[in-house]
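What follows is the content of start_15.cif (mmCIF, C-alpha atoms and all ligand atoms).
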data_start
loop_
_atom_site.label_atom_id
_atom_site.label_comp_id
_atom_site.auth_asym_id
_atom_site.auth_seq_id
_atom_site.Cartn_x
_atom_site.Cartn_y
_atom_site.Cartn_z
CA MET A 275 -17.47 -78.57 -52.20
CA LYS A 276 -15.64 -81.59 -50.75
CA PHE A 277 -11.93 -81.73 -51.65
CA LEU A 278 -12.05 -78.16 -52.93
CA SER A 279 -13.29 -75.57 -50.46
CA GLU A 280 -11.10 -76.87 -47.62
CA TYR A 281 -8.07 -76.32 -49.86
CA ARG A 282 -9.07 -72.69 -50.36
CA ASP A 283 -9.71 -71.97 -46.68
CA PRO A 284 -8.33 -68.48 -45.89
CA ALA A 285 -7.77 -69.25 -42.18
CA LEU A 286 -5.81 -72.40 -42.96
CA ALA A 287 -3.80 -70.64 -45.65
CA THR A 288 -2.97 -67.75 -43.33
CA SER A 289 -1.91 -70.19 -40.62
CA LEU A 290 0.43 -71.97 -43.05
CA VAL A 291 2.00 -68.67 -44.08
CA SER A 292 2.74 -67.92 -40.41
CA ARG A 293 4.22 -71.38 -39.90
CA ILE A 294 6.49 -71.03 -42.98
CA ARG A 295 7.74 -67.64 -41.82
CA ALA A 296 8.33 -68.88 -38.27
CA LEU A 297 10.18 -71.96 -39.51
CA SER A 298 12.57 -70.21 -41.90
CA THR A 299 15.89 -69.23 -40.35
CA ARG A 300 17.20 -67.94 -43.71
CA PRO A 301 15.77 -67.23 -47.17
CA TRP A 302 15.17 -70.44 -49.16
CA THR A 303 14.69 -70.77 -52.91
CA LEU A 304 12.13 -73.25 -54.18
CA MET A 305 10.92 -74.01 -57.70
CA GLU A 306 7.36 -75.06 -58.49
CA VAL A 307 7.58 -77.29 -61.54
CA CYS A 308 4.07 -76.91 -62.92
CA GLY A 309 2.60 -73.90 -64.69
CA GLY A 310 -0.76 -74.55 -63.01
CA GLN A 311 0.97 -74.11 -59.66
CA THR A 312 2.61 -70.92 -60.96
CA HIS A 313 -0.82 -69.48 -61.74
CA THR A 314 -2.09 -70.29 -58.23
CA ILE A 315 1.02 -68.75 -56.66
CA VAL A 316 0.81 -65.53 -58.67
CA LYS A 317 -2.97 -65.14 -58.57
CA GLN A 318 -3.26 -65.75 -54.84
CA GLY A 319 -0.48 -63.34 -53.90
CA ILE A 320 1.63 -66.15 -52.38
CA LEU A 321 4.79 -64.51 -53.73
CA ASP A 322 4.05 -61.48 -51.58
CA VAL A 323 2.89 -63.08 -48.33
CA LEU A 324 5.97 -65.27 -48.01
CA GLY A 325 8.14 -62.19 -47.52
CA ASP A 326 11.85 -62.95 -47.20
CA SER A 327 11.37 -66.50 -45.97
CA VAL A 328 11.00 -68.21 -49.37
CA GLU A 329 11.57 -67.12 -52.95
CA MET A 330 9.48 -69.07 -55.44
CA ILE A 331 10.97 -69.39 -58.91
CA HIS A 332 8.88 -70.74 -61.74
CA GLY A 333 9.83 -73.89 -63.58
CA PRO A 334 9.48 -75.42 -67.04
CA GLY A 335 6.21 -77.24 -66.38
CA CYS A 336 4.04 -75.56 -69.01
CA PRO A 337 3.88 -78.10 -71.85
CA VAL A 338 2.53 -75.59 -74.33
CA CYS A 339 5.42 -73.23 -73.52
CA VAL A 340 8.16 -75.81 -73.98
CA THR A 341 6.85 -77.17 -77.30
CA PRO A 342 9.64 -76.16 -79.70
CA LEU A 343 9.01 -73.60 -82.40
CA GLU A 344 9.78 -76.06 -85.18
CA GLN A 345 7.08 -78.39 -83.86
CA ILE A 346 4.60 -75.48 -83.99
CA ASP A 347 5.73 -74.81 -87.57
CA ARG A 348 5.17 -78.48 -88.42
CA ALA A 349 1.66 -78.21 -87.00
CA LEU A 350 1.03 -75.10 -89.10
CA HIS A 351 2.31 -76.90 -92.20
CA LEU A 352 0.03 -79.88 -91.59
CA ALA A 353 -2.99 -77.71 -90.84
CA SER A 354 -2.49 -75.92 -94.18
CA ARG A 355 -2.62 -79.12 -96.23
CA PRO A 356 -5.99 -79.59 -97.97
CA GLU A 357 -6.27 -83.30 -97.17
CA VAL A 358 -5.67 -82.77 -93.43
CA ILE A 359 -8.10 -82.15 -90.59
CA PHE A 360 -5.78 -80.88 -87.85
CA THR A 361 -7.04 -81.42 -84.30
CA SER A 362 -5.73 -80.04 -81.04
CA PHE A 363 -6.68 -78.95 -77.56
CA GLY A 364 -7.65 -75.29 -77.71
CA ASP A 365 -4.59 -74.01 -75.86
CA MET A 366 -2.30 -74.59 -78.85
CA LEU A 367 -4.22 -72.39 -81.29
CA ARG A 368 -2.75 -69.05 -80.19
CA VAL A 369 0.83 -70.23 -79.78
CA PRO A 370 2.94 -68.26 -82.26
CA GLY A 371 4.89 -70.13 -84.92
CA SER A 372 7.54 -68.52 -87.10
CA ASP A 373 4.97 -66.71 -89.27
CA CYS A 374 1.49 -67.22 -87.82
CA ASP A 375 -0.60 -69.38 -85.46
CA LEU A 376 -3.23 -72.07 -85.93
CA PHE A 377 -6.06 -69.53 -85.66
CA GLN A 378 -4.62 -67.70 -88.65
CA VAL A 379 -4.22 -70.92 -90.62
CA ARG A 380 -7.89 -71.64 -89.92
CA ALA A 381 -8.85 -68.14 -91.07
CA GLN A 382 -7.00 -68.83 -94.32
CA GLY A 383 -9.00 -72.00 -94.96
CA GLY A 384 -7.09 -74.71 -93.11
CA GLU A 385 -9.33 -77.17 -91.30
CA VAL A 386 -8.35 -76.84 -87.65
CA ARG A 387 -10.66 -78.32 -85.05
CA VAL A 388 -10.54 -78.13 -81.26
CA VAL A 389 -11.18 -81.47 -79.57
CA TYR A 390 -11.46 -82.38 -75.92
CA SER A 391 -9.84 -85.79 -76.21
CA PRO A 392 -7.56 -87.57 -78.69
CA LEU A 393 -10.29 -90.19 -78.88
CA ASP A 394 -12.55 -87.51 -80.40
CA ALA A 395 -9.91 -87.04 -83.10
CA LEU A 396 -9.83 -90.79 -83.68
CA GLU A 397 -13.60 -90.79 -84.09
CA LEU A 398 -13.28 -87.93 -86.55
CA ALA A 399 -10.87 -90.05 -88.61
CA ARG A 400 -13.33 -92.91 -88.62
CA ALA A 401 -16.09 -90.59 -89.82
CA ASN A 402 -13.91 -89.05 -92.56
CA PRO A 403 -12.11 -91.92 -94.29
CA ASP A 404 -11.19 -89.72 -97.27
CA ARG A 405 -9.27 -87.22 -95.04
CA GLU A 406 -6.13 -87.44 -92.93
CA VAL A 407 -6.82 -86.56 -89.28
CA VAL A 408 -3.82 -85.43 -87.22
CA PHE A 409 -3.89 -84.86 -83.45
CA PHE A 410 -1.33 -82.54 -81.81
CA ALA A 411 -0.11 -84.66 -78.88
CA VAL A 412 1.45 -82.11 -76.55
CA GLY A 413 2.01 -82.48 -72.84
CA PHE A 414 3.88 -83.99 -69.94
CA GLU A 415 3.24 -87.46 -68.56
CA THR A 416 -0.29 -86.45 -67.56
CA THR A 417 -1.73 -86.41 -71.07
CA ALA A 418 0.44 -89.22 -72.45
CA PRO A 419 -1.86 -92.11 -71.38
CA ALA A 420 -4.88 -90.81 -73.34
CA ASN A 421 -2.73 -90.10 -76.39
CA ALA A 422 -1.17 -93.55 -76.16
CA MET A 423 -4.63 -95.08 -75.94
CA ALA A 424 -5.76 -93.26 -79.10
CA VAL A 425 -2.80 -94.61 -81.08
CA TRP A 426 -3.29 -98.07 -79.62
CA GLN A 427 -6.97 -98.05 -80.61
CA ALA A 428 -6.15 -96.77 -84.09
CA ARG A 429 -3.96 -99.82 -84.60
CA GLU A 430 -6.51 -102.20 -83.06
CA LEU A 431 -9.30 -100.80 -85.26
CA GLY A 432 -7.14 -100.58 -88.39
CA ILE A 433 -7.71 -96.83 -88.74
CA LYS A 434 -4.91 -95.71 -91.08
CA ASN A 435 -5.99 -92.10 -91.72
CA PHE A 436 -5.20 -91.05 -88.13
CA SER A 437 -1.81 -89.90 -86.85
CA VAL A 438 -0.32 -87.89 -84.01
CA LEU A 439 2.22 -85.07 -84.06
CA VAL A 440 4.03 -85.87 -80.84
CA SER A 441 5.67 -83.32 -78.57
CA HIS A 442 5.59 -85.09 -75.23
CA VAL A 443 8.13 -84.19 -72.57
CA THR A 444 8.89 -85.68 -69.17
CA VAL A 445 9.61 -83.92 -65.90
CA PRO A 446 12.61 -85.65 -64.24
CA PRO A 447 15.17 -84.89 -67.00
CA ALA A 448 14.17 -81.21 -66.90
CA MET A 449 14.67 -81.09 -63.12
CA THR A 450 18.07 -82.73 -63.54
CA ALA A 451 19.06 -80.26 -66.27
CA ILE A 452 18.16 -77.33 -63.98
CA LEU A 453 20.07 -78.80 -61.04
CA GLU A 454 23.15 -79.39 -63.20
CA SER A 455 23.23 -75.90 -64.71
CA SER A 456 26.11 -73.74 -63.45
CA ASP A 457 23.78 -70.94 -62.28
CA ASN A 458 21.28 -73.14 -60.49
CA ARG A 459 19.66 -71.55 -57.41
CA VAL A 460 16.99 -74.19 -56.74
CA GLN A 461 17.22 -75.69 -53.23
CA GLY A 462 13.97 -77.65 -53.34
CA PHE A 463 11.11 -78.52 -55.69
CA LEU A 464 7.35 -78.67 -55.56
CA ALA A 465 6.67 -81.55 -57.99
CA ALA A 466 3.50 -81.53 -60.07
CA GLY A 467 0.71 -83.51 -58.43
CA HIS A 468 -1.08 -84.51 -61.63
CA VAL A 469 2.10 -85.84 -63.28
CA CYS A 470 2.75 -87.91 -60.15
CA THR A 471 -0.85 -89.17 -60.15
CA VAL A 472 0.13 -91.00 -63.35
CA MET A 473 3.82 -91.71 -62.75
CA GLY A 474 4.09 -91.88 -58.95
CA TRP A 475 7.17 -90.43 -57.31
CA SER A 476 9.73 -93.22 -57.21
CA GLU A 477 11.68 -91.71 -60.14
CA TYR A 478 12.22 -88.54 -58.07
CA GLU A 479 13.95 -90.37 -55.24
CA PRO A 480 17.35 -90.70 -56.99
CA ILE A 481 17.20 -86.98 -57.86
CA ALA A 482 16.52 -85.94 -54.26
CA ASP A 483 19.30 -88.23 -53.09
CA ARG A 484 21.92 -87.32 -55.69
CA TYR A 485 21.44 -83.55 -55.62
CA GLN A 486 20.37 -83.33 -51.96
CA VAL A 487 17.19 -81.39 -52.72
CA PRO A 488 13.83 -81.91 -51.03
CA ILE A 489 11.06 -82.73 -53.52
CA VAL A 490 7.45 -82.41 -52.34
CA VAL A 491 4.68 -83.76 -54.56
CA THR A 492 2.14 -80.93 -54.37
CA GLY A 493 -1.40 -80.12 -55.50
CA PHE A 494 -2.77 -76.98 -57.06
CA GLU A 495 -5.00 -75.16 -54.57
CA PRO A 496 -3.62 -72.41 -52.31
CA VAL A 497 -3.53 -74.61 -49.21
CA ASP A 498 -1.82 -77.38 -51.20
CA ILE A 499 0.88 -75.02 -52.39
CA LEU A 500 1.47 -73.50 -48.96
CA GLU A 501 1.59 -76.90 -47.28
CA GLY A 502 4.05 -78.11 -49.97
CA ILE A 503 6.25 -75.07 -49.31
CA TRP A 504 6.07 -75.67 -45.56
CA MET A 505 7.07 -79.35 -46.02
CA ALA A 506 10.01 -78.39 -48.26
CA VAL A 507 11.22 -75.67 -45.87
CA LYS A 508 10.92 -78.08 -42.93
CA GLN A 509 13.20 -80.53 -44.74
CA LEU A 510 15.70 -77.81 -45.57
CA GLU A 511 15.76 -76.55 -41.99
CA GLU A 512 16.28 -80.12 -40.72
CA GLY A 513 18.97 -80.90 -43.30
CA ARG A 514 16.90 -83.58 -45.04
CA ALA A 515 16.50 -84.19 -48.79
CA GLN A 516 13.65 -86.63 -49.39
CA VAL A 517 10.60 -87.05 -51.58
CA GLU A 518 7.41 -86.34 -49.63
CA ASN A 519 3.81 -86.38 -50.76
CA GLN A 520 1.56 -83.44 -49.93
CA TYR A 521 -1.03 -84.51 -52.56
CA ALA A 522 -1.93 -87.75 -50.81
CA ARG A 523 -5.58 -87.49 -51.82
CA SER A 524 -4.54 -88.25 -55.40
CA VAL A 525 -0.98 -89.61 -55.61
CA ARG A 526 0.45 -93.01 -54.69
CA ARG A 527 4.13 -93.94 -54.83
CA ASP A 528 3.68 -96.14 -57.92
CA GLY A 529 1.18 -93.86 -59.65
CA ASN A 530 -1.44 -95.36 -61.95
CA ARG A 531 -0.17 -98.74 -63.11
CA GLN A 532 -2.57 -99.10 -66.06
CA ALA A 533 -1.76 -95.61 -67.34
CA ARG A 534 1.98 -96.24 -67.06
CA ASP A 535 1.60 -99.56 -68.87
CA ILE A 536 -0.16 -98.10 -71.93
CA VAL A 537 2.38 -95.26 -72.10
CA GLY A 538 5.22 -97.79 -71.99
CA GLN A 539 3.67 -99.94 -74.71
CA VAL A 540 3.16 -97.10 -77.18
CA PHE A 541 5.93 -94.60 -76.36
CA GLN A 542 9.66 -94.79 -75.75
CA LEU A 543 12.08 -92.24 -74.29
CA VAL A 544 13.71 -90.02 -76.95
CA ASP A 545 15.88 -86.90 -77.05
CA ARG A 546 13.60 -83.85 -77.19
CA GLN A 547 14.00 -80.15 -77.96
CA TRP A 548 12.49 -77.77 -75.37
CA ARG A 549 11.51 -74.32 -76.58
CA GLY A 550 14.02 -71.76 -75.35
CA ILE A 551 16.08 -74.42 -73.59
CA GLY A 552 17.40 -76.70 -76.32
CA GLU A 553 17.76 -80.44 -76.45
CA ILE A 554 17.57 -82.42 -73.23
CA PRO A 555 18.68 -86.03 -73.76
CA MET A 556 16.02 -88.70 -73.24
CA SER A 557 13.53 -86.11 -72.02
CA GLY A 558 10.69 -86.79 -74.45
CA LEU A 559 8.30 -89.51 -75.47
CA GLY A 560 8.22 -90.67 -79.09
CA LEU A 561 6.19 -93.42 -80.71
CA ARG A 562 7.76 -96.86 -80.76
CA ASP A 563 8.76 -98.22 -84.17
CA GLU A 564 5.73 -100.53 -84.34
CA PHE A 565 3.49 -97.44 -84.29
CA ALA A 566 5.40 -95.55 -87.01
CA ALA A 567 2.35 -95.66 -89.32
CA TRP A 568 0.56 -93.34 -86.87
CA ASP A 569 3.48 -90.93 -86.49
CA ALA A 570 2.65 -87.71 -88.38
CA GLU A 571 6.33 -86.69 -88.58
CA GLN A 572 7.14 -89.84 -90.56
CA LYS A 573 3.88 -90.05 -92.46
CA PHE A 574 4.20 -86.51 -93.82
CA ASP A 575 8.02 -86.37 -93.82
CA LEU A 576 8.24 -83.25 -91.63
CA HIS A 577 11.85 -83.61 -90.52
CA GLY A 578 13.08 -80.92 -92.91
CA ILE A 579 11.08 -78.19 -91.17
CA ARG A 580 13.44 -76.20 -88.94
CA ALA A 581 12.95 -72.91 -87.12
CA THR A 582 14.96 -70.27 -85.28
CA GLU A 583 13.46 -68.87 -82.11
CA PRO A 584 13.17 -65.07 -81.86
CA ALA A 585 16.17 -63.78 -79.90
CA GLU A 586 14.13 -61.13 -78.08
CA CYS A 587 11.87 -63.70 -76.37
CA ARG A 588 13.51 -64.89 -73.14
CA ALA A 589 11.16 -67.85 -72.67
CA GLY A 590 14.13 -70.13 -72.01
CA ASP A 591 15.31 -67.96 -69.12
CA VAL A 592 11.75 -67.77 -67.75
CA LEU A 593 11.25 -71.53 -68.05
CA ARG A 594 14.51 -72.26 -66.24
CA GLY A 595 13.70 -69.78 -63.47
CA ARG A 596 16.62 -67.48 -64.34
CA ILE A 597 14.38 -64.44 -64.65
CA LYS A 598 10.86 -63.48 -63.67
CA PRO A 599 8.61 -62.60 -66.65
CA ILE A 600 8.61 -58.92 -65.74
CA GLU A 601 12.39 -58.90 -66.16
CA CYS A 602 11.96 -59.60 -69.89
CA ALA A 603 12.23 -56.27 -71.72
CA GLU A 604 9.41 -57.26 -74.08
CA PHE A 605 6.89 -58.02 -71.29
CA GLY A 606 3.84 -55.81 -71.69
CA THR A 607 5.46 -53.75 -74.43
CA THR A 608 6.04 -55.69 -77.64
CA CYS A 609 4.74 -58.90 -76.03
CA THR A 610 1.15 -59.05 -74.79
CA PRO A 611 -1.57 -61.72 -75.01
CA GLU A 612 -2.91 -59.95 -78.11
CA ASN A 613 0.51 -59.90 -79.79
CA PRO A 614 2.59 -62.62 -78.15
CA LEU A 615 6.24 -63.16 -78.97
CA GLY A 616 6.38 -66.44 -77.09
CA ALA A 617 4.12 -69.22 -75.86
CA PRO A 618 4.45 -68.33 -72.13
CA MET A 619 2.40 -65.19 -72.83
CA VAL A 620 -0.60 -67.09 -74.26
CA SER A 621 -0.61 -70.47 -72.57
CA SER A 622 -3.08 -70.91 -69.70
CA GLU A 623 -0.13 -72.31 -67.73
CA GLY A 624 2.49 -69.81 -68.95
CA ALA A 625 4.36 -67.76 -66.35
CA CYS A 626 4.25 -64.62 -68.51
CA ALA A 627 0.48 -65.00 -68.89
CA ALA A 628 0.15 -65.38 -65.11
CA TYR A 629 2.10 -62.17 -64.44
CA TRP A 630 0.07 -60.38 -67.11
CA SER A 631 -3.33 -61.68 -66.00
CA TYR A 632 -3.02 -60.62 -62.36
CA ALA A 633 -2.77 -56.98 -63.13
CA ARG A 634 -0.56 -55.64 -60.38
CA TYR A 635 2.37 -56.77 -62.53
CA ARG A 636 1.30 -54.48 -65.35
CA GLY A 637 0.45 -51.40 -63.39
CA GLY A 638 -3.25 -52.11 -62.80
CA ASP A 639 -5.20 -52.78 -59.64
CA GLY A 640 -5.95 -56.49 -60.03
CA GLY A 641 -4.36 -59.48 -58.36
CA GLY A 642 -3.64 -59.79 -54.68
CA GLU A 643 -7.02 -61.39 -54.00
CA GLU A 644 -5.70 -63.63 -51.29
CA PHE A 645 -6.74 -67.26 -51.45
CA ALA A 646 -9.69 -66.50 -53.73
CA GLU A 647 -11.88 -68.88 -55.67
CA GLN A 648 -10.17 -69.82 -58.91
CA SER A 649 -9.99 -72.39 -61.63
CA THR A 650 -7.00 -74.68 -61.31
CA GLU A 651 -7.60 -76.39 -64.60
CA THR A 652 -4.30 -77.53 -66.01
CA ARG A 653 -3.35 -79.89 -68.84
CA SER A 654 0.34 -80.81 -68.59
S1 LIG A 701 7.24 -61.73 -71.93
FE1 LIG A 701 6.94 -62.48 -74.04
S2 LIG A 701 8.93 -62.16 -75.02
FE2 LIG A 701 9.29 -62.09 -72.81
S3 LIG A 701 9.78 -64.20 -72.24
FE3 LIG A 701 7.57 -63.97 -71.95
S4 LIG A 701 6.68 -64.70 -73.89
FE4 LIG A 701 8.87 -64.28 -74.30
#
Rewrite the structure from the file as structure tokens, please.
Amino acid sequence: MKFLSEYRDPALATSLVSRIRALSTRPWTLMEVCGGQTHTIVKQGILDVLGDSVEMIHGPGCPVCVTPLEQIDRALHLASRPEVIFTSFGDMLRVPGSDCDLFQVRAQGGEVRVVYSPLDALELARANPDREVVFFAVGFETTAPANAMAVWQARELGIKNFSVLVSHVTVPPAMTAILESSDNRVQGFLAAGHVCTVMGWSEYEPIADRYQVPIVVTGFEPVDILEGIWMAVKQLEEGRAQVENQYARSVRRDGNRQARDIVGQVFQLVDRQWRGIGEIPMSGLGLRDEFAAWDAEQKFDLHGIRATEPAECRAGDVLRGRIKPIECAEFGTTCTPENPLGAPMVSSEGACAAYWSYARYRGGDGGGEEFAEQSTETRS
């Protein structure tokens, strides 16, 4: 398949591994930002084939994982209300809140529906004028344009029984927070190709310059990832710190102008809590004041709902790359996909789920299928 099979070519991937190992004069430490990239890296055995040349540490780019616990609890509260039809992408339903998850609320009679687009939720509101339809707007910059469009259309069409519970986060402030932490080990980043498809890469240039880290905009297939690593290592070996674009088949420097425009018209930058990490200033997107009527937090007065994250879950350390999932004492013991303590164990982009799914990290015989066919579906 054009634009797919060539990026899963075993010969090309093997050649890139050899080039990375030949190029490295010392061990380098890179962080892939996106959870979709983490899954490719773990599933394809890239961690192993790089040997001592590069250590990959996994970043905070799983939007489901970084959604704060109190926002999950607010979703659970809304979904329990009899007048509400609560809508979400399917990946949020198994994320544990303080007491239960959305699946359990649905089992207890709450109306929770999986939709494939926020516009489906808007249509549901139009078809059910006697109900309140809430959409759980979670994600990085990639999903923000569609969510902005739904709110924009709700205002244009005068649909008042639709609102969004917003938990949008943005990538650059998270990268900056990691680089400024006292125990930072990141020497270069693979930036998330789909985020940059929307936003472009110009906002990464000051980060590369200020912190002297190479940033390579990278795709999601094995050859993409290996080429992104090779480009980052080449910069490090040459003493350069620039933004480069490996994902040229999708990303332009200015991104998607129309998508950025609708995001800018509906959302504004706000301080945002990240699960396990805490508040990062101006790292989230919140609805502008003129769209307050479609803001579920204001409409249902949810600000009083607070939550304390379970101390035993080390999601914050995993999301900042401080530890690998298998270094969490709960991994595979008290925390499994069937009984998760934290979102990284159940999200399709979660690092803990990646280490669990590719069974060599839990004592089985799976994983290690080098450069195999795989789904690289990712929401961010
Ligand atoms: S293994 Fe479970 S408890 Fe440990 S960090 Fe991951 S989600 Fe949290």
Can you sort out the box for ligand LIG 701 (chain A), edges along x, y and z, all listed atoms in, 3 Å on every side, with centre and edge lengths in Å to one decimal, as lines of an AutoDock Vina configuration file?
center_x = 8.2
center_y = -63.2
center_z = -73.5
size_x = 9.1
size_y = 9.0
size_z = 9.1
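Excluding Asp375 (chain A) itself and any same-chain residue fewer than 5 positions from it, the protein and nucleic acid residues within 12 Å of it, counting only C-alpha atoms, are A:Leu343, A:Gln345, A:Ile346, A:Asp347, A:Arg348, A:Ala349, A:Leu350, A:His351, A:Ala353, A:Ser354, A:Asp365, A:Met366, A:Leu367, A:Arg368, A:Val369, A:Pro370, A:Arg380, A:Ala381, A:Gln382, A:Gly384, A:Val386, A:Asn613, A:Pro614, A:Leu615, A:Gly616, A:Ala617, A:Val620.
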For C-alpha atoms, I'd like the residues from the last selection saved as an mmCIF file, keeping the file's coordinate frame.
data_model
loop_
_atom_site.group_PDB
_atom_site.id
_atom_site.type_symbol
_atom_site.label_atom_id
_atom_site.label_comp_id
_atom_site.auth_asym_id
_atom_site.auth_seq_id
_atom_site.Cartn_x
_atom_site.Cartn_y
_atom_site.Cartn_z
ATOM 1 C CA LEU A 343 9.010 -73.600 -82.400
ATOM 2 C CA GLN A 345 7.080 -78.390 -83.860
ATOM 3 C CA ILE A 346 4.600 -75.480 -83.990
ATOM 4 C CA ASP A 347 5.730 -74.810 -87.570
ATOM 5 C CA ARG A 348 5.170 -78.480 -88.420
ATOM 6 C CA ALA A 349 1.660 -78.210 -87.000
ATOM 7 C CA LEU A 350 1.030 -75.100 -89.100
ATOM 8 C CA HIS A 351 2.310 -76.900 -92.200
ATOM 9 C CA ALA A 353 -2.990 -77.710 -90.840
ATOM 10 C CA SER A 354 -2.490 -75.920 -94.180
ATOM 11 C CA ASP A 365 -4.590 -74.010 -75.860
ATOM 12 C CA MET A 366 -2.300 -74.590 -78.850
ATOM 13 C CA LEU A 367 -4.220 -72.390 -81.290
ATOM 14 C CA ARG A 368 -2.750 -69.050 -80.190
ATOM 15 C CA VAL A 369 0.830 -70.230 -79.780
ATOM 16 C CA PRO A 370 2.940 -68.260 -82.260
ATOM 17 C CA ARG A 380 -7.890 -71.640 -89.920
ATOM 18 C CA ALA A 381 -8.850 -68.140 -91.070
ATOM 19 C CA GLN A 382 -7.000 -68.830 -94.320
ATOM 20 C CA GLY A 384 -7.090 -74.710 -93.110
ATOM 21 C CA VAL A 386 -8.350 -76.840 -87.650
ATOM 22 C CA ASN A 613 0.510 -59.900 -79.790
ATOM 23 C CA PRO A 614 2.590 -62.620 -78.150
ATOM 24 C CA LEU A 615 6.240 -63.160 -78.970
ATOM 25 C CA GLY A 616 6.380 -66.440 -77.090
ATOM 26 C CA ALA A 617 4.120 -69.220 -75.860
ATOM 27 C CA VAL A 620 -0.600 -67.090 -74.260
#
List every residue of chain A that has an atom at most 10 Å from any atom of ligand LIG 701 (chain A), and for each one report the closest atom pair and its distance in Å to one decimal, counting only C-alpha atoms and all ligand atoms, with rows sorted by chain and then by increasing residue number, as JSON lines.
{"residue": "A:Cys339", "atom": "CA", "partner": "A:LIG701", "partner_atom": "S4", "distance": 8.6}
{"residue": "A:Val369", "atom": "CA", "partner": "A:LIG701", "partner_atom": "S4", "distance": 10.0}
{"residue": "A:Pro370", "atom": "CA", "partner": "A:LIG701", "partner_atom": "S4", "distance": 9.8}
{"residue": "A:Gly550", "atom": "CA", "partner": "A:LIG701", "partner_atom": "FE4", "distance": 9.1}
{"residue": "A:Pro584", "atom": "CA", "partner": "A:LIG701", "partner_atom": "S2", "distance": 8.6}
{"residue": "A:Ala585", "atom": "CA", "partner": "A:LIG701", "partner_atom": "S2", "distance": 8.9}
{"residue": "A:Glu586", "atom": "CA", "partner": "A:LIG701", "partner_atom": "S2", "distance": 6.1}
{"residue": "A:Cys587", "atom": "CA", "partner": "A:LIG701", "partner_atom": "S2", "distance": 3.6}
{"residue": "A:Arg588", "atom": "CA", "partner": "A:LIG701", "partner_atom": "S3", "distance": 3.9}
{"residue": "A:Ala589", "atom": "CA", "partner": "A:LIG701", "partner_atom": "S3", "distance": 3.9}
{"residue": "A:Gly590", "atom": "CA", "partner": "A:LIG701", "partner_atom": "S3", "distance": 7.4}
{"residue": "A:Asp591", "atom": "CA", "partner": "A:LIG701", "partner_atom": "S3", "distance": 7.4}
{"residue": "A:Val592", "atom": "CA", "partner": "A:LIG701", "partner_atom": "S3", "distance": 6.1}
{"residue": "A:Leu593", "atom": "CA", "partner": "A:LIG701", "partner_atom": "S3", "distance": 8.6}
{"residue": "A:Ile597", "atom": "CA", "partner": "A:LIG701", "partner_atom": "S3", "distance": 8.9}
{"residue": "A:Lys598", "atom": "CA", "partner": "A:LIG701", "partner_atom": "S3", "distance": 8.7}
{"residue": "A:Pro599", "atom": "CA", "partner": "A:LIG701", "partner_atom": "S1", "distance": 5.5}
{"residue": "A:Ile600", "atom": "CA", "partner": "A:LIG701", "partner_atom": "S1", "distance": 6.9}
{"residue": "A:Glu601", "atom": "CA", "partner": "A:LIG701", "partner_atom": "FE2", "distance": 8.0}
{"residue": "A:Cys602", "atom": "CA", "partner": "A:LIG701", "partner_atom": "FE2", "distance": 4.7}
{"residue": "A:Ala603", "atom": "CA", "partner": "A:LIG701", "partner_atom": "FE2", "distance": 6.6}
{"residue": "A:Glu604", "atom": "CA", "partner": "A:LIG701", "partner_atom": "FE2", "distance": 5.0}
{"residue": "A:Phe605", "atom": "CA", "partner": "A:LIG701", "partner_atom": "S1", "distance": 3.8}
{"residue": "A:Gly606", "atom": "CA", "partner": "A:LIG701", "partner_atom": "S1", "distance": 6.8}
{"residue": "A:Thr607", "atom": "CA", "partner": "A:LIG701", "partner_atom": "S1", "distance": 8.5}
{"residue": "A:Thr608", "atom": "CA", "partner": "A:LIG701", "partner_atom": "S2", "distance": 7.6}
{"residue": "A:Cys609", "atom": "CA", "partner": "A:LIG701", "partner_atom": "FE1", "distance": 4.6}
{"residue": "A:Thr610", "atom": "CA", "partner": "A:LIG701", "partner_atom": "FE1", "distance": 6.8}
{"residue": "A:Pro611", "atom": "CA", "partner": "A:LIG701", "partner_atom": "FE1", "distance": 8.6}
{"residue": "A:Asn613", "atom": "CA", "partner": "A:LIG701", "partner_atom": "FE1", "distance": 9.0}
{"residue": "A:Pro614", "atom": "CA", "partner": "A:LIG701", "partner_atom": "FE1", "distance": 6.0}
{"residue": "A:Leu615", "atom": "CA", "partner": "A:LIG701", "partner_atom": "S2", "distance": 4.9}
{"residue": "A:Gly616", "atom": "CA", "partner": "A:LIG701", "partner_atom": "S4", "distance": 3.7}
{"residue": "A:Ala617", "atom": "CA", "partner": "A:LIG701", "partner_atom": "S4", "distance": 5.6}
{"residue": "A:Pro618", "atom": "CA", "partner": "A:LIG701", "partner_atom": "S4", "distance": 4.6}
{"residue": "A:Met619", "atom": "CA", "partner": "A:LIG701", "partner_atom": "S4", "distance": 4.4}
{"residue": "A:Val620", "atom": "CA", "partner": "A:LIG701", "partner_atom": "S4", "distance": 7.7}
{"residue": "A:Ser621", "atom": "CA", "partner": "A:LIG701", "partner_atom": "S4", "distance": 9.4}
{"residue": "A:Gly624", "atom": "CA", "partner": "A:LIG701", "partner_atom": "S4", "distance": 8.3}
{"residue": "A:Ala625", "atom": "CA", "partner": "A:LIG701", "partner_atom": "FE3", "distance": 7.5}
{"residue": "A:Cys626", "atom": "CA", "partner": "A:LIG701", "partner_atom": "FE3", "distance": 4.8}
{"residue": "A:Ala627", "atom": "CA", "partner": "A:LIG701", "partner_atom": "FE3", "distance": 7.8}
{"residue": "A:Tyr629", "atom": "CA", "partner": "A:LIG701", "partner_atom": "S1", "distance": 9.1}
{"residue": "A:Trp630", "atom": "CA", "partner": "A:LIG701", "partner_atom": "S1", "distance": 8.7}
